[in-house]
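What follows is a single structure, written as structure tokens, with notes after it.
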Amino acid sequence: MTRRLWALFRKELRTLFASPIAYIVLTAFVALTGVYFFQHLLTYNRLLFVFQSEAIGAGGFDAGTVPLQVNSLNELFIPASNDFSLFLLAVLPLVTMRVFAEERAHGTDELLLTTSIRPWEVALAKHLSTYVFVFLMLAVSAIYPAAVVAKSRLGMEHLLALYMGQLGYGVAVAAIGLACSSLTQSQIVAAVLAYAIPFMILDFTWLHPVLSEGIAELLNELALQSHFDSFARGVIELRRGIYFGGIVALGFTISVGSMEFTRAR
Amino acid sequence: MRFLAAAGLVTILSGLGAYYATDELSLFSIANLVVGPLLLLIAGVIEARRFQGFTGALSRRVALRWGLISAAVLAVGLAATLVSRRWDATLDLTAERRYTLSDQSRVVCKQIGTNRSADRNGAPPQLLLLKDTLIAKEVRLLIKAYQRTCPELEVREIRTADAPPEAQAILDAVEVTVLACQGGRCEPAGFPSEENITNAVLRLSRRREIQIHFLVGHGEANFASQGKHGFAGLAGALREEGLHLEALVGPAMEEIPASASVLVIAGAERNLLPAELEALERYLERGGRLLALLEPGVSTNLEPLLGRWGFELPSGVMADRASSPLLEDPKPVSLLLRAYNPFHPVTRKLSNRTMLLLPSARPILPVRKPQAGDALEALVFSNRSAWLETDVVAALADRPITPDPEEQIGQELPLAAAGRYPRDDGEARIVIIGDRDFASNRLLPALYNRDLLLNAVLWLAADEEHISIRPKAWTPDQDPLTFQQTLAYFYFLAFALPEILLLLGIHAWYRQRGG
């Protein structure tokens, strides 16, 4: 079984990297994260310069004093992390849309399901290969932040925590995309759904004015956005892992269920 | 149907988009967010009516089974997410372990627990996070650490408008994010670092008033000076812990007040008047507490008095070949110390990983018990590579010095010592530290200087239960990259790397077409 799963996983990875879309998505993500990180870095450096400047000090600020709130974490890594999460939301559906839907459209999934391979094995291979792609995307985009951290006092462990949050978030968004892709044979429908669902559960603060505080707080616990702030601050919380794990489990179950249904038809 | 579904999605996304963009739930957003789900619902109903996907009983059973399994996974996931709000397993990966409470916070929490056991009717201290303040989000993780580590403390998140009436005066005067309140009193935490929050709780929960009197009039340290050689930092640190400070003008005093929990003589440079010495002697005889900071190369008539209480104070200054690289101007007399008396309350919590930085120090030898029953102990020792340099002038003037044959290396001489003297009127206590400037504004925050000094004061004031290692002040990362470095990274990541990836993509595309 493990050998079969490994073979399926390798096949999925090969398929992914045989198509130019994976490289385009990787390129877009790395370029976007690079440009935005650079912009935040420039702004942060300018801010430090303003506060550290003796001339400005004479004009009113305490000379050479930078407020505690102005630091690389608050001004650089947290805003960049928020941007990266939006970029993940923007590019991942482009990868996940074809994973199941393409095979369904071509009818190759039915061919696969007539063999001794079980649907959950196919679904697992597809999910794992997509998660590996998410990991790869984040690993490549981490080069710039890692270079900055190497010259600062933030610590690589802190950066690791930040990227653990991004990975959990990315994998959850990918799982939603894969579930959507498994439900339809149209890649466009899969992509639209994969954009719409994470966007809708991104944040429920828009409902707060019409909800009681307790319910609003409860809904906040279910929002994607509220689950990676602590990672960015260098703390890994088990409950955040449970949240992302829950989404992945649900996405996987829907994918398997959809394949089982296809086989039963 | 598909049009209705697509229209529903677009409408919902427009509603959300408008909300996120304006941060306001406008009529436009509300209308879209009501109409969108309705359209989706209608599309779903039409699709359900048209649905002819079940080709037999098997497919119906499979659809039902997996529908139920998915619903169960969703329910379990939701329940686990909501229940896990109460779970508190966290891993703090910040470089300074900002969200792991220090020894001091744990000690304060333990003390609150002890106080509550003794006074069961008293209300528990509360830690209030004002969640509508600007930096509340940043502080939440720290507040959670208190919630986790300190069950004795009632931790709540409230809106500023819901703050207790006793906090209103504070809120009107200063910008506050965290408040500690108990029994109708509130203390602000200033910038909400662990140090400030714990000190606010400490000030609130301290049961006994401790008065620290500073002797002035003989060239002692200036506790009002904010300069780098001033001692305002020490005064502030003592006040932060809830201790009360008062200056005592030596030449004008007749008697040291009985209310003085501790008398501090911080580096007197001139002799005390005979009447002052007599008053000091009387104060100690009736169970007074004295902290004396002595500077190398400075000799006063305080030394014979301390000699009568069992201390020998050789002239000279300790020098060390491994001088401190942490100082701006490293000298052989600058000392990095890490050898402590592990049994004395003042130094029990210090270890060879918690070092002191003394710019220059003289030895303090506890040699003789004035009476049977007295106890004298060394607290801090010099390193093995140190020697007692007798040419104090040359050493302090930073002229080259080397150990003479009679100046033995490796004696590990005490540089701070403490004595306890049980007397009929109470137990006198003395702590002498062979340096004054290690407590100056420049060096007090360095390494564990502050802990040695504050723990000595607390021991003298018989407040041993609060002796602890305090959280290190958080130093935010504020080092900019040079523009050249920034640009080099930018070219690599925003251009070179995407270029390589794109070329790989083109290669994959051609290969696919060729295949």
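Just remember, in the structure tokens the first chain shown is A, the second B, etc., residues are 1-based per chain, and ligands are 1-based in the order shown.
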Write out as a compact mmCIF listing (two decimals) with N, CA and C atoms, in the first residue's frame each polymer residue whose atoms come within 7 Å of Ala95 (chain B), counting only C-alpha atoms; drop sequence neighbours fewer than 4 positions from it.
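Final output, saved to part.txt:
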```txt
# COMPACT_ATOMS: atom_id res chain seq x y z
N LEU A 154 15.91 39.04 15.67
CA LEU A 154 14.60 38.40 15.79
C LEU A 154 14.74 36.90 16.05
N GLY A 155 15.70 36.25 15.42
CA GLY A 155 15.94 34.83 15.65
C GLY A 155 15.27 33.96 14.60
N HIS A 158 11.97 32.27 15.54
CA HIS A 158 10.79 33.13 15.38
C HIS A 158 10.29 33.07 13.94
```
Restrict the calculation to only C-alpha atoms, then for each residue of chain A with any atom at most 7 Å from an atom of chain B give the closest atom pair and their distance in Å to one decimal, rows by chain and rising residue number, as CSV.
```
residue,atom,partner,partner_atom,distance
A:Ala18,CA,B:Ala508,CA,5.5
A:Ser19,CA,B:Trp509,CA,6.2
A:Pro20,CA,B:Gly505,CA,4.7
A:Tyr23,CA,B:Gly505,CA,4.7
A:Ile24,CA,B:Leu502,CA,6.3
A:Thr27,CA,B:Pro498,CA,4.7
A:Val30,CA,B:Pro498,CA,6.3
A:Ala31,CA,B:Ala494,CA,4.7
A:Gly34,CA,B:Ala494,CA,4.8
A:Val35,CA,B:Ala494,CA,5.7
A:Phe38,CA,B:Phe490,CA,6.2
A:Asn45,CA,B:Pro480,CA,5.5
A:Leu68,CA,B:Pro476,CA,6.4
A:Asn71,CA,B:Gln478,CA,5.0
A:Ser72,CA,B:Asp477,CA,5.7
A:Tyr144,CA,B:Tyr489,CA,6.4
A:Ser152,CA,B:Asp479,CA,6.4
A:Arg153,CA,B:Asp477,CA,5.6
A:Leu154,CA,B:Ala95,CA,6.0
A:Gly155,CA,B:Ala95,CA,5.3
A:Glu157,CA,B:Leu93,CA,5.4
A:His158,CA,B:Thr94,CA,5.0
A:Ala161,CA,B:Leu93,CA,6.6
A:Ala196,CA,B:Leu9,CA,6.9
A:Trp206,CA,B:Leu25,CA,6.4
A:Gly234,CA,B:Thr94,CA,4.9
A:Val235,CA,B:Asp92,CA,4.6
A:Ile236,CA,B:Leu91,CA,5.0
A:Glu237,CA,B:Thr90,CA,4.4
A:Leu238,CA,B:Ala89,CA,5.5
A:Arg239,CA,B:Ser84,CA,5.3
A:Ile242,CA,B:Thr81,CA,6.3
A:Tyr243,CA,B:Thr81,CA,5.4
A:Gly246,CA,B:Gly77,CA,4.7
A:Leu250,CA,B:Val73,CA,5.9
A:Thr253,CA,B:Ser70,CA,5.9
A:Ile254,CA,B:Ser70,CA,6.1
A:Gly257,CA,B:Trp66,CA,5.0
A:Glu260,CA,B:Val62,CA,7.0
A:Phe261,CA,B:Val62,CA,5.9
A:Ala264,CA,B:Ser59,CA,4.9
A:Arg265,CA,B:Ser59,CA,5.5
```
For Leu92 (chain A), please output as a compact mmCIF listing (two decimals) with N, CA and C atoms, in the first residue's frame all residues within 9 Å (counting only C-alpha atoms; exclusion window: fewer than 5 positions along the same chain).
```txt
# COMPACT_ATOMS: atom_id res chain seq x y z
N VAL A 25 2.78 30.05 -11.16
CA VAL A 25 2.29 30.37 -9.81
C VAL A 25 3.47 30.61 -8.87
N PHE A 87 -1.58 36.66 -0.71
CA PHE A 87 -1.03 36.15 -1.97
C PHE A 87 -1.30 34.64 -2.10
N MET A 97 -7.26 24.09 -8.72
CA MET A 97 -8.45 23.97 -9.56
C MET A 97 -8.39 22.76 -10.49
N VAL A 134 2.84 23.72 -1.77
CA VAL A 134 2.66 24.89 -0.88
C VAL A 134 3.94 25.09 -0.05
N GLY A 170 -1.72 28.05 4.41
CA GLY A 170 -1.64 27.68 2.99
C GLY A 170 -2.22 26.30 2.75
N VAL A 173 -5.99 26.48 2.97
CA VAL A 173 -6.58 27.07 1.75
C VAL A 173 -6.50 26.07 0.60
N ALA A 174 -5.38 25.35 0.51
CA ALA A 174 -5.23 24.35 -0.55
C ALA A 174 -6.26 23.23 -0.38
N GLY A 177 -9.48 24.34 -1.66
CA GLY A 177 -9.41 24.35 -3.13
C GLY A 177 -9.53 22.94 -3.70
N ALA A 194 -12.94 28.03 -4.95
CA ALA A 194 -11.73 28.04 -4.13
C ALA A 194 -11.32 29.46 -3.74
N TYR A 195 -11.75 30.45 -4.53
CA TYR A 195 -11.52 31.85 -4.12
C TYR A 195 -12.59 32.28 -3.13
```
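If you measure from each of B:Asn199, B:Leu171, B:Glu166, B:Glu220 to Ala237 (chain B) using only C-alpha atoms, the closest one turns out to be B:Asn199.
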- Item | Filtered DSSP result for region 31-223 of chain A, state helix (DSSP H, G or I), as a PyMOL selection string | chain A and resi 31-52+54-58+72-106+108-113+119-141+143-150+156-183+187-200+205-210+213-222
